[in-house]
$ cat query.cif   # mmCIF, C-alpha atoms
data_entry
#
loop_
_atom_site.group_PDB
_atom_site.id
_atom_site.type_symbol
_atom_site.label_atom_id
_atom_site.label_comp_id
_atom_site.auth_asym_id
_atom_site.auth_seq_id
_atom_site.Cartn_x
_atom_site.Cartn_y
_atom_site.Cartn_z
ATOM 1 C CA MET A 1 84.643 143.648 37.336
ATOM 2 C CA PRO A 2 82.646 144.115 40.581
ATOM 3 C CA PHE A 3 84.545 144.062 43.843
ATOM 4 C CA SER A 4 83.778 141.114 46.089
ATOM 5 C CA GLY A 5 84.963 141.738 49.630
ATOM 6 C CA LYS A 6 86.267 138.875 51.726
ATOM 7 C CA SER A 7 84.842 138.547 55.209
ATOM 8 C CA GLY A 8 87.253 138.915 58.108
ATOM 9 C CA LYS A 9 84.981 137.028 60.479
ATOM 10 C CA PHE A 10 86.679 134.082 62.202
ATOM 11 C CA ASN A 11 85.269 130.856 63.593
ATOM 12 C CA ALA A 12 87.335 131.349 66.754
ATOM 13 C CA ALA A 13 86.681 134.147 69.246
ATOM 14 C CA ILE A 14 88.264 135.952 72.182
ATOM 15 C CA ARG A 15 86.880 134.716 75.500
ATOM 16 C CA THR A 16 84.416 136.897 77.335
ATOM 17 C CA VAL A 17 85.521 137.847 80.851
ATOM 18 C CA GLU A 18 83.229 139.736 83.211
ATOM 19 C CA LEU A 19 84.466 142.178 85.851
ATOM 20 C CA GLY A 20 82.459 143.529 88.738
ATOM 21 C CA THR A 21 78.964 142.643 89.870
ATOM 22 C CA GLY A 22 75.459 143.979 89.428
ATOM 23 C CA ASP A 23 74.248 146.483 86.858
ATOM 24 C CA LYS A 24 77.675 148.077 86.361
ATOM 25 C CA ALA A 25 79.547 144.852 85.629
ATOM 26 C CA VAL A 26 81.466 144.989 82.332
ATOM 27 C CA LYS A 27 82.398 142.316 79.819
ATOM 28 C CA LEU A 28 85.727 142.293 78.001
ATOM 29 C CA GLY A 29 86.386 140.315 74.838
ATOM 30 C CA GLY A 30 83.959 138.087 72.979
ATOM 31 C CA GLU A 31 84.788 139.375 69.498
ATOM 32 C CA ASN A 32 85.541 137.142 66.498
ATOM 33 C CA VAL A 33 86.875 139.897 64.239
ATOM 34 C CA LEU A 34 89.945 142.102 64.247
ATOM 35 C CA PRO A 35 89.829 145.376 66.222
ATOM 36 C CA PHE A 36 86.895 147.582 65.160
ATOM 37 C CA TYR A 37 86.102 145.394 62.106
ATOM 38 C CA THR A 38 82.395 145.855 62.734
ATOM 39 C CA PHE A 39 81.753 145.680 58.994
ATOM 40 C CA ASP A 40 82.596 141.950 59.178
ATOM 41 C CA ALA A 41 80.648 141.067 62.324
ATOM 42 C CA PRO A 42 79.124 142.889 65.292
ATOM 43 C CA ILE A 43 81.329 143.543 68.314
ATOM 44 C CA GLU A 44 78.993 142.989 71.252
ATOM 45 C CA ASN A 45 81.430 144.084 73.943
ATOM 46 C CA ALA A 46 83.030 147.381 72.969
ATOM 47 C CA PRO A 47 86.452 148.156 74.460
ATOM 48 C CA LYS A 48 86.236 149.639 77.950
ATOM 49 C CA VAL A 49 87.943 152.592 79.652
ATOM 50 C CA GLY A 50 89.244 152.507 83.215
ATOM 51 C CA VAL A 51 90.185 155.479 85.405
ATOM 52 C CA MET A 52 93.325 155.134 87.486
ATOM 53 C CA ILE A 53 93.676 156.558 90.988
ATOM 54 C CA SER A 54 96.667 156.135 93.292
ATOM 55 C CA ASP A 55 97.179 155.463 96.977
ATOM 56 C CA LEU A 56 99.638 158.382 96.851
ATOM 57 C CA GLY A 57 96.790 160.817 96.314
ATOM 58 C CA LEU A 58 96.629 163.766 93.932
ATOM 59 C CA GLU A 59 99.639 165.888 94.892
ATOM 60 C CA ASN A 60 101.709 165.082 91.807
ATOM 61 C CA GLU A 61 98.886 165.041 89.278
ATOM 62 C CA ALA A 62 98.246 167.540 86.470
ATOM 63 C CA ALA A 63 96.105 170.584 87.202
ATOM 64 C CA GLY A 64 93.128 169.258 85.247
ATOM 65 C CA ILE A 65 93.099 166.054 87.248
ATOM 66 C CA LYS A 66 93.299 167.932 90.548
ATOM 67 C CA GLU A 67 90.507 170.221 89.429
ATOM 68 C CA TYR A 68 88.242 167.284 88.601
ATOM 69 C CA TYR A 69 88.730 165.754 92.051
ATOM 70 C CA ALA A 70 88.427 169.080 93.895
ATOM 71 C CA GLY A 71 86.706 168.611 97.222
ATOM 72 C CA ALA A 72 87.449 164.891 97.435
ATOM 73 C CA THR A 73 89.705 164.261 100.405
ATOM 74 C CA SER A 74 89.365 160.566 101.252
ATOM 75 C CA PHE A 75 90.184 157.611 99.011
ATOM 76 C CA ALA A 76 86.492 156.722 99.029
ATOM 77 C CA GLU A 77 85.548 160.179 97.733
ATOM 78 C CA ILE A 78 88.266 160.118 95.075
ATOM 79 C CA ALA A 79 87.175 156.652 93.941
ATOM 80 C CA LYS A 80 83.549 157.733 93.738
ATOM 81 C CA LYS A 81 84.457 160.704 91.549
ATOM 82 C CA ALA A 82 86.596 158.426 89.347
ATOM 83 C CA GLU A 83 83.601 156.133 88.929
ATOM 84 C CA GLU A 84 81.466 159.106 87.905
ATOM 85 C CA MET A 85 83.963 160.504 85.378
ATOM 86 C CA PRO A 86 82.251 160.836 81.968
ATOM 87 C CA GLY A 87 83.298 157.884 79.805
ATOM 88 C CA ALA A 88 84.539 155.698 82.672
ATOM 89 C CA ASP A 89 83.597 152.001 82.749
ATOM 90 C CA PHE A 90 85.659 150.870 85.740
ATOM 91 C CA VAL A 91 88.051 152.148 88.408
ATOM 92 C CA VAL A 92 91.712 151.189 88.818
ATOM 93 C CA LEU A 93 93.469 151.527 92.161
ATOM 94 C CA ARG A 94 97.249 151.627 91.855
ATOM 95 C CA LEU A 95 98.974 150.774 95.141
ATOM 96 C CA GLU A 96 102.307 152.320 94.175
ATOM 97 C CA GLY A 97 102.957 153.469 97.727
ATOM 98 C CA ALA A 98 103.692 149.859 98.695
ATOM 99 C CA ASP A 99 107.032 149.973 96.876
ATOM 100 C CA PRO A 100 109.854 149.173 99.362
ATOM 101 C CA ASN A 101 112.041 151.586 97.412
ATOM 102 C CA GLY A 102 109.450 154.346 97.815
ATOM 103 C CA GLU A 103 107.051 155.005 100.691
ATOM 104 C CA ASN A 104 107.043 151.323 101.638
ATOM 105 C CA LYS A 105 103.475 151.349 102.915
ATOM 106 C CA SER A 106 102.570 148.220 104.840
ATOM 107 C CA VAL A 107 100.412 145.515 103.320
ATOM 108 C CA GLU A 108 97.812 146.204 105.998
ATOM 109 C CA GLU A 109 97.609 149.898 105.095
ATOM 110 C CA CYS A 110 97.259 149.139 101.387
ATOM 111 C CA VAL A 111 94.585 146.515 102.016
ATOM 112 C CA ALA A 112 92.632 149.035 104.084
ATOM 113 C CA ILE A 113 92.756 151.507 101.185
ATOM 114 C CA ALA A 114 91.624 148.809 98.741
ATOM 115 C CA LYS A 115 88.682 147.928 101.000
ATOM 116 C CA GLU A 116 87.742 151.589 101.351
ATOM 117 C CA VAL A 117 87.737 152.034 97.584
ATOM 118 C CA GLY A 118 85.927 148.744 96.945
ATOM 119 C CA GLU A 119 83.145 149.648 99.359
ATOM 120 C CA ALA A 120 82.745 153.165 97.967
ATOM 121 C CA ILE A 121 82.029 152.249 94.347
ATOM 122 C CA THR A 122 79.617 150.040 92.446
ATOM 123 C CA ALA A 123 81.674 150.019 89.229
ATOM 124 C CA PRO A 124 84.150 147.175 88.650
ATOM 125 C CA LEU A 125 87.519 147.516 90.380
ATOM 126 C CA VAL A 126 90.997 146.695 89.109
ATOM 127 C CA VAL A 127 93.921 146.669 91.541
ATOM 128 C CA GLU A 128 97.482 147.377 90.380
ATOM 129 C CA GLY A 129 100.544 146.896 92.555
ATOM 130 C CA CYS A 130 103.863 148.654 92.936
ATOM 131 C CA LYS A 131 105.887 146.554 90.438
ATOM 132 C CA HIS A 132 107.986 145.030 93.251
ATOM 133 C CA VAL A 133 107.646 141.282 92.706
ATOM 134 C CA GLU A 134 107.852 140.078 96.316
ATOM 135 C CA LYS A 135 105.787 142.888 97.821
ATOM 136 C CA ASP A 136 103.107 142.575 95.149
ATOM 137 C CA ALA A 137 102.783 138.821 95.731
ATOM 138 C CA GLU A 138 102.112 139.378 99.420
ATOM 139 C CA LEU A 139 99.896 142.396 98.791
ATOM 140 C CA PHE A 140 97.732 140.821 96.093
ATOM 141 C CA ALA A 141 96.947 137.763 98.185
ATOM 142 C CA LYS A 142 95.614 139.961 100.996
ATOM 143 C CA VAL A 143 93.755 142.322 98.638
ATOM 144 C CA ALA A 144 92.101 139.389 96.851
ATOM 145 C CA GLU A 145 90.927 138.064 100.210
ATOM 146 C CA ALA A 146 89.669 141.441 101.433
ATOM 147 C CA LEU A 147 87.637 142.048 98.260
ATOM 148 C CA GLN A 148 85.952 138.651 98.049
ATOM 149 C CA GLY A 149 82.624 138.758 96.247
ATOM 150 C CA LYS A 150 83.439 141.877 94.226
ATOM 151 C CA ASN A 151 84.880 140.053 91.196
ATOM 152 C CA VAL A 152 87.881 142.360 90.876
ATOM 153 C CA LEU A 153 90.862 142.052 88.532
ATOM 154 C CA ILE A 154 94.184 141.628 90.305
ATOM 155 C CA MET A 155 97.061 143.037 88.214
ATOM 156 C CA SER A 156 99.366 141.437 87.829
ATOM 157 C CA ALA A 157 100.632 137.898 87.998
ATOM 158 C CA ARG A 158 104.119 137.839 86.512
ATOM 159 C CA GLU A 159 106.506 135.003 85.724
ATOM 160 C CA GLU A 160 108.339 135.650 89.003
ATOM 161 C CA ASN A 161 105.270 135.561 91.270
ATOM 162 C CA TYR A 162 102.404 134.012 89.299
ATOM 163 C CA LYS A 163 102.047 130.988 91.592
ATOM 164 C CA GLY A 164 101.139 133.015 94.652
ATOM 165 C CA VAL A 165 99.167 135.733 92.871
ATOM 166 C CA ALA A 166 97.161 133.486 90.549
ATOM 167 C CA ALA A 167 96.482 130.894 93.239
ATOM 168 C CA ALA A 168 95.174 133.522 95.652
ATOM 169 C CA ALA A 169 93.197 135.607 93.176
ATOM 170 C CA GLY A 170 91.962 132.951 90.775
ATOM 171 C CA LEU A 171 91.549 129.935 93.038
ATOM 172 C CA ALA A 172 91.226 130.871 96.701
ATOM 173 C CA TYR A 173 89.172 134.065 96.459
ATOM 174 C CA GLY A 174 87.354 133.931 93.112
ATOM 175 C CA GLN A 175 88.851 137.038 91.530
ATOM 176 C CA LYS A 176 90.084 137.619 87.993
ATOM 177 C CA VAL A 177 93.813 137.246 87.263
ATOM 178 C CA GLY A 178 95.861 139.687 85.201
ATOM 179 C CA ALA A 179 98.689 137.871 83.414
ATOM 180 C CA GLU A 180 101.496 140.385 82.792
ATOM 181 C CA SER A 181 104.259 139.735 80.272
ATOM 182 C CA ALA A 182 106.862 141.928 78.607
ATOM 183 C CA VAL A 183 105.787 142.621 74.988
ATOM 184 C CA ASP A 184 106.478 139.129 73.625
ATOM 185 C CA ILE A 185 103.897 136.676 72.271
ATOM 186 C CA ASN A 186 105.845 133.655 73.484
ATOM 187 C CA LEU A 187 106.155 135.013 77.018
ATOM 188 C CA ALA A 188 102.452 135.862 77.053
ATOM 189 C CA LYS A 189 101.463 132.370 75.958
ATOM 190 C CA GLN A 190 103.897 130.684 78.353
ATOM 191 C CA LEU A 191 102.491 132.608 81.314
ATOM 192 C CA ASN A 192 98.914 131.743 80.341
ATOM 193 C CA VAL A 193 99.887 128.070 80.180
ATOM 194 C CA LEU A 194 101.571 128.193 83.595
ATOM 195 C CA ILE A 195 98.584 129.917 85.198
ATOM 196 C CA GLY A 196 96.283 127.333 83.650
ATOM 197 C CA GLN A 197 98.418 124.514 85.019
ATOM 198 C CA LEU A 198 97.785 125.876 88.512
ATOM 199 C CA GLY A 199 94.116 125.183 87.955
ATOM 200 C CA VAL A 200 92.934 128.713 87.164
ATOM 201 C CA ASP A 201 90.167 128.619 84.584
ATOM 202 C CA GLN A 202 91.181 130.454 81.406
ATOM 203 C CA SER A 203 87.869 132.309 81.454
ATOM 204 C CA ASN A 204 89.154 134.108 84.570
ATOM 205 C CA VAL A 205 92.355 135.429 82.987
ATOM 206 C CA ILE A 206 92.948 138.787 81.309
ATOM 207 C CA MET A 207 96.279 139.547 79.647
ATOM 208 C CA ASN A 208 98.453 142.612 80.107
ATOM 209 C CA VAL A 209 100.969 141.999 77.337
ATOM 210 C CA GLY A 210 102.901 145.179 78.043
ATOM 211 C CA SER A 211 102.885 148.625 76.507
ATOM 212 C CA ALA A 212 104.940 151.720 75.814
ATOM 213 C CA ALA A 213 104.075 155.332 75.165
ATOM 214 C CA ALA A 214 103.506 156.075 71.494
ATOM 215 C CA GLY A 215 106.875 156.764 69.884
ATOM 216 C CA TYR A 216 108.852 154.794 72.477
ATOM 217 C CA GLY A 217 109.456 151.425 70.868
ATOM 218 C CA PHE A 218 105.747 151.232 70.213
ATOM 219 C CA GLU A 219 106.242 149.101 67.110
ATOM 220 C CA TYR A 220 107.009 146.170 69.426
ATOM 221 C CA VAL A 221 103.683 146.640 71.170
ATOM 222 C CA VAL A 222 101.784 146.779 67.877
ATOM 223 C CA SER A 223 103.491 143.710 66.423
ATOM 224 C CA THR A 224 102.972 141.727 69.639
ATOM 225 C CA MET A 225 99.263 142.532 69.862
ATOM 226 C CA ASP A 226 98.792 141.870 66.136
ATOM 227 C CA ARG A 227 100.422 138.461 66.452
ATOM 228 C CA ILE A 228 98.424 137.565 69.550
ATOM 229 C CA LYS A 229 95.090 138.457 67.941
ATOM 230 C CA ALA A 230 96.042 136.674 64.713
ATOM 231 C CA ALA A 231 97.000 133.504 66.596
ATOM 232 C CA ALA A 232 93.878 133.643 68.742
ATOM 233 C CA LEU A 233 91.460 134.162 65.861
ATOM 234 C CA SER A 234 92.946 132.742 62.669
ATOM 235 C CA GLN A 235 94.838 129.848 64.330
ATOM 236 C CA ASN A 236 92.305 129.234 67.123
ATOM 237 C CA ASP A 237 95.072 129.240 69.731
ATOM 238 C CA ALA A 238 93.164 128.744 72.988
ATOM 239 C CA GLN A 239 96.151 129.868 75.059
ATOM 240 C CA LEU A 240 95.957 133.372 73.552
ATOM 241 C CA GLN A 241 92.197 133.908 73.459
ATOM 242 C CA MET A 242 92.053 135.971 76.638
ATOM 243 C CA PRO A 243 91.077 139.655 76.365
ATOM 244 C CA ILE A 244 93.822 142.267 76.720
ATOM 245 C CA ILE A 245 93.950 145.208 79.136
ATOM 246 C CA THR A 246 96.581 147.938 78.761
ATOM 247 C CA PRO A 247 97.716 150.364 81.505
ATOM 248 C CA VAL A 248 98.275 153.408 79.298
ATOM 249 C CA ALA A 249 98.451 156.082 82.012
ATOM 250 C CA ASP A 250 101.542 154.564 83.636
ATOM 251 C CA GLU A 251 103.469 154.883 80.373
ATOM 252 C CA ALA A 252 102.071 158.054 78.818
ATOM 253 C CA TRP A 253 102.608 160.354 81.799
ATOM 254 C CA SER A 254 106.158 159.190 82.505
ATOM 255 C CA VAL A 255 107.861 160.199 79.238
ATOM 256 C CA LYS A 256 109.681 163.473 78.637
ATOM 257 C CA GLU A 257 106.923 164.948 76.470
ATOM 258 C CA ALA A 258 104.575 164.776 79.461
ATOM 259 C CA MET A 259 107.128 165.509 82.194
ATOM 260 C CA ALA A 260 109.260 168.347 80.807
ATOM 261 C CA SER A 261 108.149 171.622 82.339
ATOM 262 C CA GLU A 262 107.094 174.608 80.269
ATOM 263 C CA ALA A 263 110.027 176.519 81.772
ATOM 264 C CA ASP A 264 112.477 173.936 80.425
ATOM 265 C CA MET A 265 110.742 173.394 77.075
ATOM 266 C CA PRO A 266 108.647 176.498 76.296
ATOM 267 C CA GLU A 267 108.569 175.648 72.589
ATOM 268 C CA TRP A 268 106.626 172.449 73.386
ATOM 269 C CA GLY A 269 103.610 174.315 74.722
ATOM 270 C CA SER A 270 101.360 173.344 77.626
ATOM 271 C CA GLN A 271 102.758 170.502 79.703
ATOM 272 C CA GLU A 272 99.314 169.218 80.627
ATOM 273 C CA GLU A 273 98.134 169.214 77.026
ATOM 274 C CA ARG A 274 101.233 167.251 76.069
ATOM 275 C CA GLY A 275 100.399 164.636 78.684
ATOM 276 C CA ILE A 276 96.833 164.375 77.440
ATOM 277 C CA ASP A 277 98.089 164.034 73.866
ATOM 278 C CA MET A 278 100.435 161.203 74.831
ATOM 279 C CA GLU A 279 97.666 159.430 76.724
ATOM 280 C CA VAL A 280 95.100 159.746 73.928
ATOM 281 C CA GLU A 281 97.526 158.779 71.159
ATOM 282 C CA THR A 282 98.779 155.737 73.041
ATOM 283 C CA ALA A 283 95.292 154.581 74.021
ATOM 284 C CA ALA A 284 93.961 154.924 70.482
ATOM 285 C CA ALA A 285 96.945 153.000 69.115
ATOM 286 C CA VAL A 286 96.665 150.051 71.515
ATOM 287 C CA LEU A 287 92.907 149.823 70.950
ATOM 288 C CA ALA A 288 93.496 149.687 67.197
ATOM 289 C CA SER A 289 96.099 146.988 67.815
ATOM 290 C CA GLY A 290 93.771 144.741 69.820
ATOM 291 C CA SER A 291 93.468 145.879 73.416
ATOM 292 C CA ASN A 292 90.022 145.293 74.923
ATOM 293 C CA ALA A 293 90.440 147.857 77.712
ATOM 294 C CA VAL A 294 92.699 150.813 78.463
ATOM 295 C CA ILE A 295 93.580 152.471 81.757
ATOM 296 C CA LEU A 296 93.750 156.286 81.699
ATOM 297 C CA LYS A 297 93.601 159.044 84.303
ATOM 298 C CA HIS A 298 92.946 162.507 82.809
ATOM 299 C CA PRO A 299 89.240 163.421 82.374
ATOM 300 C CA THR A 300 89.884 164.803 78.889
ATOM 301 C CA SER A 301 91.610 161.598 77.802
ATOM 302 C CA VAL A 302 88.836 159.420 79.216
ATOM 303 C CA ALA A 303 86.123 161.432 77.461
ATOM 304 C CA THR A 304 88.033 161.492 74.163
ATOM 305 C CA ILE A 305 88.771 157.769 74.039
ATOM 306 C CA SER A 306 85.262 156.858 75.163
ATOM 307 C CA LYS A 307 83.844 158.949 72.317
ATOM 308 C CA LEU A 308 86.270 157.359 69.849
ATOM 309 C CA ILE A 309 85.149 153.864 70.870
ATOM 310 C CA LYS A 310 81.452 154.756 70.546
ATOM 311 C CA GLU A 311 82.031 156.147 67.058
ATOM 312 C CA LEU A 312 83.853 153.019 65.870
ATOM 313 C CA VAL A 313 81.782 150.211 67.406
#

$ encode --input "query.cif" --output "structure tokens"
Amino acid sequence: MPFSGKSGKFNAAIRTVELGTGDKAVKLGGENVLPFYTFDAPIENAPKVGVMISDLGLENEAAGIKEYYAGATSFAEIAKKAEEMPGADFVVLRLEGADPNGENKSVEECVAIAKEVGEAITAPLVVEGCKHVEKDAELFAKVAEALQGKNVLIMSAREENYKGVAAAAGLAYGQKVGAESAVDINLAKQLNVLIGQLGVDQSNVIMNVGSAAAGYGFEYVVSTMDRIKAAALSQNDAQLQMPIITPVADEAWSVKEAMASEADMPEWGSQEERGIDMEVETAAAVLASGSNAVILKHPTSVATISKLIKELV
């Protein structure tokens, strides 16, 4: 009996959200099939790769990252090199120095860095905060204002501060809003509903549904993304049809496999290679699970994942 394949093409689709302006603007989402199911229908907007840089500079980065940015001394120069990294689609500025429990940089200083980076590049810009709810709320409002007209993504509006962040980014200053939840489909949907009730158009929202490094409770990430994509496509749930972006670098480089020195764990081999492995494995896994964009930082990881995407789409 001949095999008759069943199409996995859905009538519903993930919304298309555009970041940036001009020729280098990128579109996330738009697909009406499961991740990489190009045999069922074309995927017009392939997943994108972002390169993360930090307001803390390069001092604590792996040797390969430092080598790539050699000669870049200002944030503008670092951002420009990030934009030019082979495989990069957009740049991510992480303002981790704003953390009151860390360097506690002022909002004004962080905004100045964001403006410097925004003016130096033509690629789309994503701005991450320091994970301190109150400081991020204040910081994001000022960053959104300072970067008006650049169509940036502000990450992230969380349940604790979504009113201020989403209102400033999505309503007052015309930016895109990152809705961050903690690896739970119900929390993700609830936050999308709340942001929508503020008046933010759903076409201006991108979800960060949470992540973990591969091997660290990653099954929760996979099941959450699978359920979100299934609800969005097969159930036509409009509250879950936003594209997904996943900050992989934050997770992959903070686990023991990437942090343990070669002196402490000689049997594990090169510390930098371990970090790259964690970043690549995690990025590939979240893309296969439904993420529309990943945030990385090592040049080798960016090139590898970019090549993977091109081969599959």

$ atom_distance --input "query.cif" --atom1 "CA of Leu125 (chain A)" --atom2 "CA of Lys150 (chain A)"
8.0 Å

$ residues_around --input "query.cif" --residues "region 197-203 of chain A" --least-positions-apart "3" --cutoff "9 Å" --atoms "all atoms listed in the file" --output "list in words"
Arg15, Thr16, Val17, Glu18, Lys163, Ala166, Ala167, Gly170, Leu171, Lys176, Val177, Asn192, Val193, Leu194, Ile206, Ala238, Gln239, Gln241 and Met242 of chain A

$ atom_distance --input "query.cif" --atom1 "CA of Lys80 (chain A)" --atom2 "CA of Ala141 (chain A)"
24.5 Å

$ residues_around --input "query.cif" --residues "Ala231 (chain A)" --least-positions-apart "3" --cutoff "12 Å" --atoms "only C-alpha atoms" --output "list in words"
Phe10, Ala12, Ala13, Ile14, Leu34, Ile185, Asn186, Lys189, Thr224, Met225, Asp226, Arg227, Ile228, Ser234, Gln235, Asn236, Asp237, Ala238, Gln239, Leu240, Gln241 and Met242 of chain A

$ closest_residue --input "query.cif" --among "A:Lys256, A:Lys48, A:Arg158, A:Lys310" --to "Val209 (chain A)" --atoms "only C-alpha atoms"
A:Arg158

$ axis_aligned_box --input "query.cif" --around "region 158-175 of chain A" --padding-each-side "3 Å" --output "AutoDock Vina command-line options"
--center_x 97.8 --center_y 133.9 --center_z 91.2 --size_x 27.0 --size_y 13.9 --size_z 17.0

$ residues_around --input "query.cif" --residues "region 282-296 of chain A" --least-positions-apart "3" --cutoff "8 Å" --atoms "all atoms listed in the file" --output "ChimeraX atom specification"
/A:28-29,34-36,46-52,92,212-214,221-222,225-226,229,243-249,252,278-279,301-302,305

$ atom_distance --input "query.cif" --atom1 "CA of Asn151 (chain A)" --atom2 "CA of Thr21 (chain A)"
6.6 Å

$ residues_around --input "query.cif" --residues "Gly57 (chain A)" --least-positions-apart "6" --cutoff "9 Å" --atoms "only C-alpha atoms" --output "ChimeraX atom specification"
/A:73-75,78

$ residues_around --input "query.cif" --residues "Ile154 (chain A)" --least-positions-apart "3" --cutoff "9 Å" --atoms "all atoms listed in the file" --output "list in words"
Leu125, Val126, Val127, Glu128, Gly129, Phe140, Val143, Ala144, Ala157, Val165, Ala166, Ala169, Gly170, Gln175, Lys176, Val177 and Gly178 of chain A

$ resolve_selection --input "query.cif" --expression "the PyMOL selection byres ((chain A and resi 131) around 10)" --output "list in words"
Leu95, Glu96, Ala98, Asp99, Glu128, Gly129, Cys130, His132, Val133, Glu134, Lys135, Asp136, Ala137, Met155, Ser156 and Arg158 of chain A

$ write_last_selection --input "query.cif" --atoms "C-alpha atoms" --output "mmCIF file, in the frame of the given file"
data_model
loop_
_atom_site.group_PDB
_atom_site.id
_atom_site.type_symbol
_atom_site.label_atom_id
_atom_site.label_comp_id
_atom_site.auth_asym_id
_atom_site.auth_seq_id
_atom_site.Cartn_x
_atom_site.Cartn_y
_atom_site.Cartn_z
ATOM 1 C CA LEU A 95 98.974 150.774 95.141
ATOM 2 C CA GLU A 96 102.307 152.320 94.175
ATOM 3 C CA ALA A 98 103.692 149.859 98.695
ATOM 4 C CA ASP A 99 107.032 149.973 96.876
ATOM 5 C CA GLU A 128 97.482 147.377 90.380
ATOM 6 C CA GLY A 129 100.544 146.896 92.555
ATOM 7 C CA CYS A 130 103.863 148.654 92.936
ATOM 8 C CA HIS A 132 107.986 145.030 93.251
ATOM 9 C CA VAL A 133 107.646 141.282 92.706
ATOM 10 C CA GLU A 134 107.852 140.078 96.316
ATOM 11 C CA LYS A 135 105.787 142.888 97.821
ATOM 12 C CA ASP A 136 103.107 142.575 95.149
ATOM 13 C CA ALA A 137 102.783 138.821 95.731
ATOM 14 C CA MET A 155 97.061 143.037 88.214
ATOM 15 C CA SER A 156 99.366 141.437 87.829
ATOM 16 C CA ARG A 158 104.119 137.839 86.512
#

$ resolve_selection --input "query.cif" --expression "the PyMOL selection byres ((chain A and resi 123) around 8)" --output "PyMOL selection string"
chain A and resi 20-21+24-25+83+89-91+121-122+124-125

$ resolve_selection --input "query.cif" --expression "the PyMOL selection byres ((chain A and resi 110-117) around 8)" --output "CSV table (one decimal) with C-alpha atoms, in the coordinates of the input"
chain,number,residue,atom,x,y,z
A,55,ASP,CA,97.2,155.5,97.0
A,75,PHE,CA,90.2,157.6,99.0
A,76,ALA,CA,86.5,156.7,99.0
A,79,ALA,CA,87.2,156.7,93.9
A,93,LEU,CA,93.5,151.5,92.2
A,95,LEU,CA,99.0,150.8,95.1
A,98,ALA,CA,103.7,149.9,98.7
A,105,LYS,CA,103.5,151.3,102.9
A,106,SER,CA,102.6,148.2,104.8
A,107,VAL,CA,100.4,145.5,103.3
A,108,GLU,CA,97.8,146.2,106.0
A,109,GLU,CA,97.6,149.9,105.1
A,118,GLY,CA,85.9,148.7,96.9
A,119,GLU,CA,83.1,149.6,99.4
A,120,ALA,CA,82.7,153.2,98.0
A,121,ILE,CA,82.0,152.2,94.3
A,127,VAL,CA,93.9,146.7,91.5
A,139,LEU,CA,99.9,142.4,98.8
A,142,LYS,CA,95.6,140.0,101.0
A,143,VAL,CA,93.8,142.3,98.6
A,146,ALA,CA,89.7,141.4,101.4
A,147,LEU,CA,87.6,142.0,98.3

$ residues_near_point --input "query.cif" --point "(106.6, 170.3, 76.5)" --cutoff "7 Å" --atoms "all atoms listed in the file" --output "VMD selection string"
chain A and resid 257 to 258 260 to 262 265 to 271 274

$ closest_residue --input "query.cif" --among "A:Gly22, A:Gly215, A:Gly64, A:Gly164" --to "Glu273 (chain A)" --atoms "all atoms listed in the file"
A:Gly64

$ closest_residue --input "query.cif" --among "A:Val183, A:Pro100, A:Arg94, A:Thr304" --to "Leu153 (chain A)" --atoms "all atoms listed in the file"
A:Arg94

$ closest_residue --input "query.cif" --among "A:Gly97, A:Gly8, A:Asn161, A:Ser54" --to "Ala41 (chain A)" --atoms "all atoms listed in the file"
A:Gly8
